[in-house]
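First comes the structure, then the notes that go with it.
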Amino acid sequence: MTDTSGTYAPLTPETLGQRLGNIAAIREKLGNNSSTWTIKEVGDGNLNLVFIVSGDKGSIIVKQALPYVRLVGDSWPLPLRRAWYEYNALIRQAERDPGSVPEIYHFDEGQAIIAMEFLTPHVILRQWLMAGKKHAGLAERLGKFCARTLFRGSDLSMDTAKRKADVRLFAESVELCDITETLVFTDPYFQAERNHHTPGLDPLVAEMRRDIDLKVEAQHMKAKFANNAETMLHGDLHTGSVMVTETETKVIDPEFALYGPMGFDIGMLLANFWMAFFAMPGHLKDAAKRADYQQWILGVTDEIWSVFSAEFSRLWRTERNGILYEKCLFEDQGQPLGSEQALGHYLAHIWQDMLGFAGVEMIRRTLSLAHIAENDLIEDETLRAECEARGLRMARQLVVNRTRIPSMANVLDLARQISERTPV
Ligand code: SR1
Ligand code: MG
């Protein structure tokens with residue numbers, strides 16, 4: 001797969017055909033005549049170049065890391081090695097939850113290039129949600145993806161030597177990890193240079209930055225993130241990292257992959273649905289349609305959690321072959337109830353962490369550097385501030401009260417109550 005050819009150079013639509021035209025795996029997907037390939041740069045994320053390349057036989061995606069953060073420019077350098085982490089995460093996710101991620105055709109470590117399956121007619125889930133579209137299998141797929149990748153990437157399941165080698169591999173992704181540590185857990189809570197927020201939020205932002213309980217709990221979440229290498233995480237599992245059609249759901253972009261706490265990915269994912277819920281007044285003007293759609297979004301989060309718990313429990317009962325909660329202590333002693341008790345504790349711990357991580361994600365997507373399109377695209381600033389403020393109100397509750405919120409029904413009630421209040 002790896003073919004380090006020459007000094008790194010960013011691809012352009014003009015150079016791509018010549019640079020990748022000799023690679024057999026790519027020619028097989030596109031056709032041999034690279035001079036007829038059509039090449040379009042479509043990257044609209046924060047970090048990378050992304051090209052759709054089409055030939056007589058089909059189309060592929062070519063993703064290349066840039067040596068800096070695209071969103072900010074070359075004043076913020078970022079190692080090309082993130083493509084290596086993304087590649088390694090993708091192959092592990094494909095193994096742990098087959099069919100959940102795009103297929104890889106070619107990886108070039110030196111050029112930081114991953115050539116992969118072009119997902120079409122898939123669209124980014126964030127766009128789908130803003131358009132008010134429903135999706136029948138979404139929650140089931142995402143709940144299973146989280147359960148399978150989190151369980152199978154942990155000491156509950158993995159061979160211990162492999163897992164320790166893996167922890168070592170991903171622990172070197174220092175810069176990407178630092179982005180999360182800084183942008184998610186620190187910057188939102190003081191006036192950091194890269195922050196920005198909707199002006200109408202000023203009074204609430206000041207209130208939140210004075211809120212000692214919130215800051216302390218957010219730092220407890222950061223400590224959990226930094227100190228608990230429980231499983232291999234996607235690391236950036238928001239609704240911009242999911243692509244859908246009417247019938248299919250795929251997870252993309254795991255370049256922030258790392259070993260971290262079980263509740264992180266699922267917390268980030270649910271947070272992004274809850275922010276979409278609060279942003280709906282900016283996208284669906286018809287009150288009845290909006291109310292119906294908002295209920296649907298909440299229902300999706302409910303189902304993601306219940307599918308996650310059910311699948312995680314199934315794997316606990318059938319694939320618990322790692323070094324934790326070993327069967328020799330429970331089932332083999334005729335004490336299956338002991339392992340059920342441990343499972344209950346384990347899920348309760350993921351639940352509380354999930355709530356806390358969801359809260360910090362909602363806060364950082366409103367106050368830190370990288371926001372979400374659902375809010376950014378609301379032109380009416382007063383309305384945008386209202387939607388964002390509701391998200392912040394809910395987020396604060398999730399972070400500070402995460403150990404006192406027993407069920408998803410409580411979370412969804414909280415979201416409904418907050419959505420009916422004037423928030424700022
Ligand atoms: C500088 S990168 C900002 C954000 O974009 C990525 O998608 C991650 O969410 C990161 O925090
Ligand atoms: Mg991304």
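In the structure tokens, each chain is lettered A, B, ... as it comes, each chain's residues begin at 1, and ligands are numbered from 1 in order of appearance.
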- Message: Taking only C-alpha atoms and all ligand atoms and a cut-off of 7 Å, can you tell me which residues surround ligand 1, written as an NGL selection string?
- Response: :A and (45-47 or 69 or 71 or 179-180 or 183-184 or 236 or 369-370)
Take the residues from that selection and put them in a file with all heavy atoms, as a PDB file, in the first residue's frame.
```pdb
ATOM      1  N   GLY A  45     -13.620  20.718   4.215  1.00  0.00           N
ATOM      2  CA  GLY A  45     -13.378  20.489   5.645  1.00  0.00           C
ATOM      3  C   GLY A  45     -12.346  21.466   6.166  1.00  0.00           C
ATOM      4  O   GLY A  45     -11.931  22.394   5.462  1.00  0.00           O
ATOM      5  N   ASN A  46     -11.904  21.218   7.385  1.00  0.00           N
ATOM      6  CA  ASN A  46     -10.995  22.153   8.035  1.00  0.00           C
ATOM      7  C   ASN A  46      -9.525  21.871   7.748  1.00  0.00           C
ATOM      8  O   ASN A  46      -8.678  22.690   8.067  1.00  0.00           O
ATOM      9  CB  ASN A  46     -11.212  22.103   9.554  1.00  0.00           C
ATOM     10  CG  ASN A  46     -12.612  22.577   9.926  1.00  0.00           C
ATOM     11  OD1 ASN A  46     -13.214  23.346   9.198  1.00  0.00           O
ATOM     12  ND2 ASN A  46     -13.123  22.103  11.060  1.00  0.00           N
ATOM     13  N   LEU A  47      -9.216  20.694   7.179  1.00  0.00           N
ATOM     14  CA  LEU A  47      -7.811  20.293   7.178  1.00  0.00           C
ATOM     15  C   LEU A  47      -7.186  19.917   5.829  1.00  0.00           C
ATOM     16  O   LEU A  47      -6.008  20.172   5.621  1.00  0.00           O
ATOM     17  CB  LEU A  47      -7.625  19.103   8.136  1.00  0.00           C
ATOM     18  CG  LEU A  47      -7.980  19.333   9.609  1.00  0.00           C
ATOM     19  CD1 LEU A  47      -7.766  18.055  10.401  1.00  0.00           C
ATOM     20  CD2 LEU A  47      -7.148  20.434  10.213  1.00  0.00           C
ATOM     21  N   VAL A  69      -3.166  23.631   8.834  1.00  0.00           N
ATOM     22  CA  VAL A  69      -4.624  23.576   9.004  1.00  0.00           C
ATOM     23  C   VAL A  69      -5.267  24.425   7.913  1.00  0.00           C
ATOM     24  O   VAL A  69      -5.054  25.644   7.861  1.00  0.00           O
ATOM     25  CB  VAL A  69      -5.010  24.117  10.400  1.00  0.00           C
ATOM     26  CG1 VAL A  69      -6.521  24.194  10.561  1.00  0.00           C
ATOM     27  CG2 VAL A  69      -4.399  23.257  11.501  1.00  0.00           C
ATOM     28  N   LEU A  71      -8.237  25.431   7.384  1.00  0.00           N
ATOM     29  CA  LEU A  71      -9.175  26.430   7.888  1.00  0.00           C
ATOM     30  C   LEU A  71      -8.470  27.728   8.296  1.00  0.00           C
ATOM     31  O   LEU A  71      -9.043  28.813   8.198  1.00  0.00           O
ATOM     32  CB  LEU A  71      -9.890  25.819   9.109  1.00  0.00           C
ATOM     33  CG  LEU A  71     -10.824  26.658   9.965  1.00  0.00           C
ATOM     34  CD1 LEU A  71     -12.103  26.967   9.203  1.00  0.00           C
ATOM     35  CD2 LEU A  71     -11.183  25.911  11.258  1.00  0.00           C
ATOM     36  N   ILE A 179      -5.062  19.408  19.305  1.00  0.00           N
ATOM     37  CA  ILE A 179      -6.167  20.224  18.772  1.00  0.00           C
ATOM     38  C   ILE A 179      -7.424  19.957  19.594  1.00  0.00           C
ATOM     39  O   ILE A 179      -8.117  20.876  20.034  1.00  0.00           O
ATOM     40  CB  ILE A 179      -6.425  19.903  17.276  1.00  0.00           C
ATOM     41  CG1 ILE A 179      -5.283  20.471  16.427  1.00  0.00           C
ATOM     42  CG2 ILE A 179      -7.771  20.461  16.819  1.00  0.00           C
ATOM     43  CD1 ILE A 179      -5.436  20.223  14.932  1.00  0.00           C
ATOM     44  N   THR A 180      -7.715  18.670  19.821  1.00  0.00           N
ATOM     45  CA  THR A 180      -8.924  18.344  20.585  1.00  0.00           C
ATOM     46  C   THR A 180      -8.793  18.833  22.028  1.00  0.00           C
ATOM     47  O   THR A 180      -9.716  19.463  22.570  1.00  0.00           O
ATOM     48  CB  THR A 180      -9.185  16.824  20.535  1.00  0.00           C
ATOM     49  OG1 THR A 180      -9.224  16.428  19.170  1.00  0.00           O
ATOM     50  CG2 THR A 180     -10.490  16.457  21.212  1.00  0.00           C
ATOM     51  N   LEU A 183      -8.997  22.868  21.649  1.00  0.00           N
ATOM     52  CA  LEU A 183     -10.218  23.477  21.102  1.00  0.00           C
ATOM     53  C   LEU A 183     -11.485  22.999  21.805  1.00  0.00           C
ATOM     54  O   LEU A 183     -12.464  23.733  21.904  1.00  0.00           O
ATOM     55  CB  LEU A 183     -10.353  23.190  19.605  1.00  0.00           C
ATOM     56  CG  LEU A 183      -9.286  23.750  18.671  1.00  0.00           C
ATOM     57  CD1 LEU A 183      -9.687  23.546  17.221  1.00  0.00           C
ATOM     58  CD2 LEU A 183      -9.042  25.229  18.913  1.00  0.00           C
ATOM     59  N   VAL A 184     -11.473  21.745  22.258  1.00  0.00           N
ATOM     60  CA  VAL A 184     -12.702  21.202  22.852  1.00  0.00           C
ATOM     61  C   VAL A 184     -12.776  21.488  24.352  1.00  0.00           C
ATOM     62  O   VAL A 184     -13.844  21.842  24.867  1.00  0.00           O
ATOM     63  CB  VAL A 184     -12.806  19.672  22.604  1.00  0.00           C
ATOM     64  CG1 VAL A 184     -14.033  19.080  23.282  1.00  0.00           C
ATOM     65  CG2 VAL A 184     -12.817  19.369  21.110  1.00  0.00           C
ATOM     66  N   ASP A 236     -13.409  12.163  16.029  1.00  0.00           N
ATOM     67  CA  ASP A 236     -14.064  13.389  15.516  1.00  0.00           C
ATOM     68  C   ASP A 236     -15.414  12.992  14.908  1.00  0.00           C
ATOM     69  O   ASP A 236     -15.745  13.363  13.783  1.00  0.00           O
ATOM     70  CB  ASP A 236     -13.161  14.039  14.454  1.00  0.00           C
ATOM     71  CG  ASP A 236     -13.533  15.500  14.163  1.00  0.00           C
ATOM     72  OD1 ASP A 236     -14.128  16.138  15.050  1.00  0.00           O
ATOM     73  OD2 ASP A 236     -13.211  15.982  13.069  1.00  0.00           O
ATOM     74  N   LEU A 369     -13.092  27.556  17.984  1.00  0.00           N
ATOM     75  CA  LEU A 369     -12.747  27.863  16.581  1.00  0.00           C
ATOM     76  C   LEU A 369     -13.723  27.268  15.560  1.00  0.00           C
ATOM     77  O   LEU A 369     -14.210  27.957  14.674  1.00  0.00           O
ATOM     78  CB  LEU A 369     -11.326  27.343  16.287  1.00  0.00           C
ATOM     79  CG  LEU A 369     -10.888  27.403  14.831  1.00  0.00           C
ATOM     80  CD1 LEU A 369     -10.610  28.836  14.397  1.00  0.00           C
ATOM     81  CD2 LEU A 369      -9.643  26.543  14.596  1.00  0.00           C
ATOM     82  N   ALA A 370     -13.977  25.950  15.673  1.00  0.00           N
ATOM     83  CA  ALA A 370     -14.727  25.247  14.623  1.00  0.00           C
ATOM     84  C   ALA A 370     -16.194  25.107  15.011  1.00  0.00           C
ATOM     85  O   ALA A 370     -16.519  24.426  15.983  1.00  0.00           O
ATOM     86  CB  ALA A 370     -14.102  23.873  14.396  1.00  0.00           C
TER      87      ALA A 370
END
```
- Message: How would you report the residues lying within 10 Å of ligand 2, as a PyMOL selection string, if you count only C-alpha atoms and all ligand atoms?
- Response: chain A and resi 44-48+235-242+252-256
Which residues of region 267-366 of chain A sit at most 12 Å from region 207-218 of chain A, using only C-alpha atoms? Give each one's shortest atom pair and distance in Å (one decimal place), in chain and ascending residue order, as a Markdown table.
```
| residue | atom | partner | partner_atom | distance |
| --- | --- | --- | --- | --- |
| A:Asp353 | CA | A:Glu217 | CA | 11.2 |
| A:Leu355 | CA | A:Ala218 | CA | 11.5 |
| A:Gly356 | CA | A:Ala218 | CA | 7.7 |
| A:Phe357 | CA | A:Ala218 | CA | 8.6 |
| A:Ala358 | CA | A:Ala218 | CA | 10.9 |
| A:Gly359 | CA | A:Ala218 | CA | 8.7 |
| A:Val360 | CA | A:Ala218 | CA | 6.6 |
| A:Glu361 | CA | A:Ala218 | CA | 10.3 |
| A:Met362 | CA | A:Ala218 | CA | 11.8 |
| A:Ile363 | CA | A:Met208 | CA | 9.8 |
| A:Arg364 | CA | A:Ala218 | CA | 10.8 |
```
- Write out as an MDAnalysis selection string all residues of region 27-259 of chain A that DSSP puts in helix (DSSP H, G or I) for this structure's backbone. chainID A and resid 27:30 34:36 82:96 125:130 138:152 160:171 174:185 187:189 199:210 212:227 239:241
Once you count only C-alpha atoms, what closest atom pair and distance in Å to one decimal does each residue of region 77-172 of chain A within 10 Å of region 265-271 of chain A have, with rows by chain and rising residue number, as JSON lines?
```
{"residue": "A:Leu142", "atom": "CA", "partner": "A:Leu269", "partner_atom": "CA", "distance": 8.9}
{"residue": "A:Gly143", "atom": "CA", "partner": "A:Ile266", "partner_atom": "CA", "distance": 8.3}
{"residue": "A:Phe145", "atom": "CA", "partner": "A:Ile266", "partner_atom": "CA", "distance": 9.7}
{"residue": "A:Cys146", "atom": "CA", "partner": "A:Ile266", "partner_atom": "CA", "distance": 6.5}
{"residue": "A:Ala147", "atom": "CA", "partner": "A:Ile266", "partner_atom": "CA", "distance": 9.0}
{"residue": "A:Leu150", "atom": "CA", "partner": "A:Asp265", "partner_atom": "CA", "distance": 8.6}
```
- Task: Would you please work out which residue, of A:Ile350, A:Asp108, A:Ser100, A:Ser157, is nearest to Leu315 (chain A) when using only C-alpha atoms?
- Result: A:Ser157
- Message: Using only C-alpha atoms for the distances, tell me which of A:Gln64, A:Ser306, A:Ser173, A:Thr7 is nearest to Arg141 (chain A).
- Response: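 The closest residue to Arg141 (chain A) is A:Ser306.
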- Item | Selection near His196 (chain A), 12 Å with only C-alpha atoms, sequence-local residues under 5 positions removed, as a ChimeraX atom specification | /A:183,187-191,201-202,205,363-371,376
Generate a file of the selected residues that holds all heavy atoms, formatted as a compact mmCIF listing (two decimals), in the first residue's frame.
```txt
# COMPACT_ATOMS: atom_id res chain seq x y z
N LEU A 183 -9.00 22.87 21.65
CA LEU A 183 -10.22 23.48 21.10
C LEU A 183 -11.49 23.00 21.81
O LEU A 183 -12.46 23.73 21.90
CB LEU A 183 -10.35 23.19 19.60
CG LEU A 183 -9.29 23.75 18.67
CD1 LEU A 183 -9.69 23.55 17.22
CD2 LEU A 183 -9.04 25.23 18.91
N ASP A 187 -10.18 26.11 25.27
CA ASP A 187 -10.47 27.42 24.67
C ASP A 187 -11.86 27.98 24.98
O ASP A 187 -12.00 29.17 25.24
CB ASP A 187 -10.28 27.36 23.14
CG ASP A 187 -8.81 27.43 22.75
OD1 ASP A 187 -7.96 27.43 23.66
OD2 ASP A 187 -8.52 27.48 21.54
N PRO A 188 -12.91 27.14 24.93
CA PRO A 188 -14.24 27.73 25.12
C PRO A 188 -14.42 28.42 26.47
O PRO A 188 -15.31 29.26 26.61
CB PRO A 188 -15.20 26.53 25.03
CG PRO A 188 -14.42 25.45 24.39
CD PRO A 188 -12.98 25.69 24.69
N TYR A 189 -13.57 28.08 27.44
CA TYR A 189 -13.82 28.52 28.81
C TYR A 189 -13.03 29.77 29.20
O TYR A 189 -13.01 30.18 30.34
CB TYR A 189 -13.56 27.36 29.79
CG TYR A 189 -14.43 26.18 29.39
CD1 TYR A 189 -13.95 25.16 28.56
CD2 TYR A 189 -15.79 26.15 29.75
CE1 TYR A 189 -14.76 24.12 28.14
CE2 TYR A 189 -16.61 25.12 29.33
CZ TYR A 189 -16.08 24.11 28.52
OH TYR A 189 -16.91 23.10 28.09
N PHE A 190 -12.33 30.36 28.23
CA PHE A 190 -11.71 31.67 28.45
C PHE A 190 -11.60 32.36 27.09
O PHE A 190 -11.94 31.76 26.06
CB PHE A 190 -10.35 31.54 29.15
CG PHE A 190 -9.20 31.15 28.25
CD1 PHE A 190 -8.17 32.05 27.99
CD2 PHE A 190 -9.13 29.90 27.66
CE1 PHE A 190 -7.11 31.70 27.17
CE2 PHE A 190 -8.07 29.54 26.83
CZ PHE A 190 -7.06 30.45 26.58
N GLN A 191 -11.15 33.61 27.11
CA GLN A 191 -11.13 34.35 25.86
C GLN A 191 -9.91 33.97 25.03
O GLN A 191 -8.96 34.76 24.93
CB GLN A 191 -11.10 35.83 26.18
CG GLN A 191 -11.91 36.64 25.21
CD GLN A 191 -12.04 38.07 25.71
OE1 GLN A 191 -12.06 38.30 26.91
NE2 GLN A 191 -12.11 39.01 24.80
N LEU A 201 -24.65 36.37 21.96
CA LEU A 201 -24.39 35.43 23.07
C LEU A 201 -23.51 36.05 24.16
O LEU A 201 -23.25 35.39 25.18
CB LEU A 201 -23.69 34.18 22.55
CG LEU A 201 -24.48 33.26 21.63
CD1 LEU A 201 -23.58 32.14 21.10
CD2 LEU A 201 -25.67 32.65 22.37
N ASP A 202 -23.06 37.29 23.96
CA ASP A 202 -22.08 37.87 24.91
C ASP A 202 -22.44 37.66 26.38
O ASP A 202 -21.60 37.19 27.16
CB ASP A 202 -21.87 39.36 24.62
CG ASP A 202 -20.94 39.58 23.42
OD1 ASP A 202 -20.27 38.61 23.01
OD2 ASP A 202 -20.93 40.70 22.90
N VAL A 205 -22.12 34.03 27.37
CA VAL A 205 -20.72 33.58 27.33
C VAL A 205 -20.00 34.07 28.59
O VAL A 205 -19.25 33.32 29.24
CB VAL A 205 -20.01 34.08 26.05
CG1 VAL A 205 -18.53 33.75 26.08
CG2 VAL A 205 -20.66 33.47 24.82
N ILE A 363 -20.60 22.97 23.57
CA ILE A 363 -20.04 24.27 23.96
C ILE A 363 -18.93 24.68 23.00
O ILE A 363 -18.91 25.81 22.50
CB ILE A 363 -19.54 24.21 25.43
CG1 ILE A 363 -20.73 24.03 26.38
CG2 ILE A 363 -18.75 25.48 25.79
CD1 ILE A 363 -20.37 23.74 27.83
N ARG A 364 -18.05 23.74 22.67
CA ARG A 364 -16.93 24.15 21.82
C ARG A 364 -17.38 24.49 20.40
O ARG A 364 -16.81 25.35 19.75
CB ARG A 364 -15.83 23.10 21.84
CG ARG A 364 -16.03 21.86 21.02
CD ARG A 364 -15.44 22.02 19.63
NE ARG A 364 -15.49 20.75 18.91
CZ ARG A 364 -14.60 20.37 18.03
NH1 ARG A 364 -13.61 21.16 17.72
NH2 ARG A 364 -14.73 19.21 17.42
N ARG A 365 -18.44 23.82 19.91
CA ARG A 365 -18.91 24.10 18.55
C ARG A 365 -19.64 25.44 18.45
O ARG A 365 -20.08 25.85 17.37
CB ARG A 365 -19.86 22.99 18.08
CG ARG A 365 -19.16 21.67 17.82
CD ARG A 365 -18.36 21.67 16.55
NE ARG A 365 -17.74 20.38 16.27
CZ ARG A 365 -16.83 20.18 15.34
NH1 ARG A 365 -16.41 21.18 14.57
NH2 ARG A 365 -16.31 18.99 15.16
N THR A 366 -19.81 26.10 19.60
CA THR A 366 -20.49 27.39 19.61
C THR A 366 -19.54 28.53 20.01
O THR A 366 -19.70 29.65 19.56
CB THR A 366 -21.68 27.34 20.62
OG1 THR A 366 -22.36 26.10 20.43
CG2 THR A 366 -22.65 28.47 20.40
N LEU A 367 -18.52 28.19 20.81
CA LEU A 367 -17.66 29.25 21.34
C LEU A 367 -16.21 29.17 20.88
O LEU A 367 -15.46 30.14 21.02
CB LEU A 367 -17.68 29.22 22.88
CG LEU A 367 -19.05 29.28 23.56
CD1 LEU A 367 -18.89 29.37 25.06
CD2 LEU A 367 -19.85 30.47 23.04
N SER A 368 -15.77 28.03 20.40
CA SER A 368 -14.35 27.84 20.07
C SER A 368 -14.13 28.11 18.57
O SER A 368 -14.92 28.83 17.94
CB SER A 368 -13.97 26.42 20.49
OG SER A 368 -12.64 26.12 20.28
N LEU A 369 -13.09 27.56 17.98
CA LEU A 369 -12.75 27.86 16.58
C LEU A 369 -13.72 27.27 15.56
O LEU A 369 -14.21 27.96 14.67
CB LEU A 369 -11.33 27.34 16.29
CG LEU A 369 -10.89 27.40 14.83
CD1 LEU A 369 -10.61 28.84 14.40
CD2 LEU A 369 -9.64 26.54 14.60
N ALA A 370 -13.98 25.95 15.67
CA ALA A 370 -14.73 25.25 14.62
C ALA A 370 -16.19 25.11 15.01
O ALA A 370 -16.52 24.43 15.98
CB ALA A 370 -14.10 23.87 14.40
N HIS A 371 -17.05 25.78 14.25
CA HIS A 371 -18.49 25.75 14.54
C HIS A 371 -19.19 24.74 13.64
O HIS A 371 -18.54 23.97 12.93
CB HIS A 371 -19.07 27.14 14.36
CG HIS A 371 -18.62 28.12 15.40
ND1 HIS A 371 -19.35 29.21 15.77
CD2 HIS A 371 -17.50 28.15 16.19
CE1 HIS A 371 -18.72 29.89 16.71
NE2 HIS A 371 -17.59 29.27 16.99
N ASP A 376 -24.06 28.20 11.65
CA ASP A 376 -23.40 29.23 10.83
C ASP A 376 -24.29 29.70 9.68
O ASP A 376 -24.20 30.85 9.26
CB ASP A 376 -22.10 28.68 10.23
CG ASP A 376 -20.99 28.61 11.27
OD1 ASP A 376 -21.20 29.12 12.40
OD2 ASP A 376 -19.93 28.05 10.96
```
- Task: Please provide as an MDAnalysis selection string all residues within 10 Å of Leu78 (chain A), with the sequence filter that same-chain residues fewer than 5 positions apart are discarded (counting only C-alpha atoms).
- Result: chainID A and resid 47 65:70 175:176 179
- Out of A:Lys327, A:Arg126, A:Lys144, A:Arg194, which residue has the shortest atom-to-atom distance to Thr182 (chain A) when counting only C-alpha atoms? A:Arg194
- Message: Restricting the calculation to only C-alpha atoms: of A:Ala83, A:Leu11, A:Leu129, A:Ile297, which residue gets closest to Met243 (chain A)?
- Response: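 Closest residue, counting only C-alpha atoms: A:Leu129.
Comparing A:Gly99, A:Gly260, A:Gly132, A:Pro336 by their smallest distance to Phe170 (chain A), the closest is A:Gly260 (using only C-alpha atoms).
When only C-alpha atoms are used to measure the gap to Leu392 (chain A), the shortest distance among A:Ile60, A:Val123, A:Ala136, A:Leu204 belongs to A:Leu204.
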- Give me, please, the distance in Å between CA of Val244 (chain A) and CA of Ala279 (chain A), quoted to one decimal. 20.1 Å
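Residues lying within 6 Å of Arg402 (chain A), counting only C-alpha atoms and ignoring same-chain neighbours fewer than 2 positions away, are Gln352, Leu355, Gly356, Leu398, Val399, Val400, Arg404 and Ile405 of chain A.
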- Pairwise distance for CA of Gln417 (chain A) and CA of Arg290 (chain A), rounded to one decimal in Å: 15.6 Å
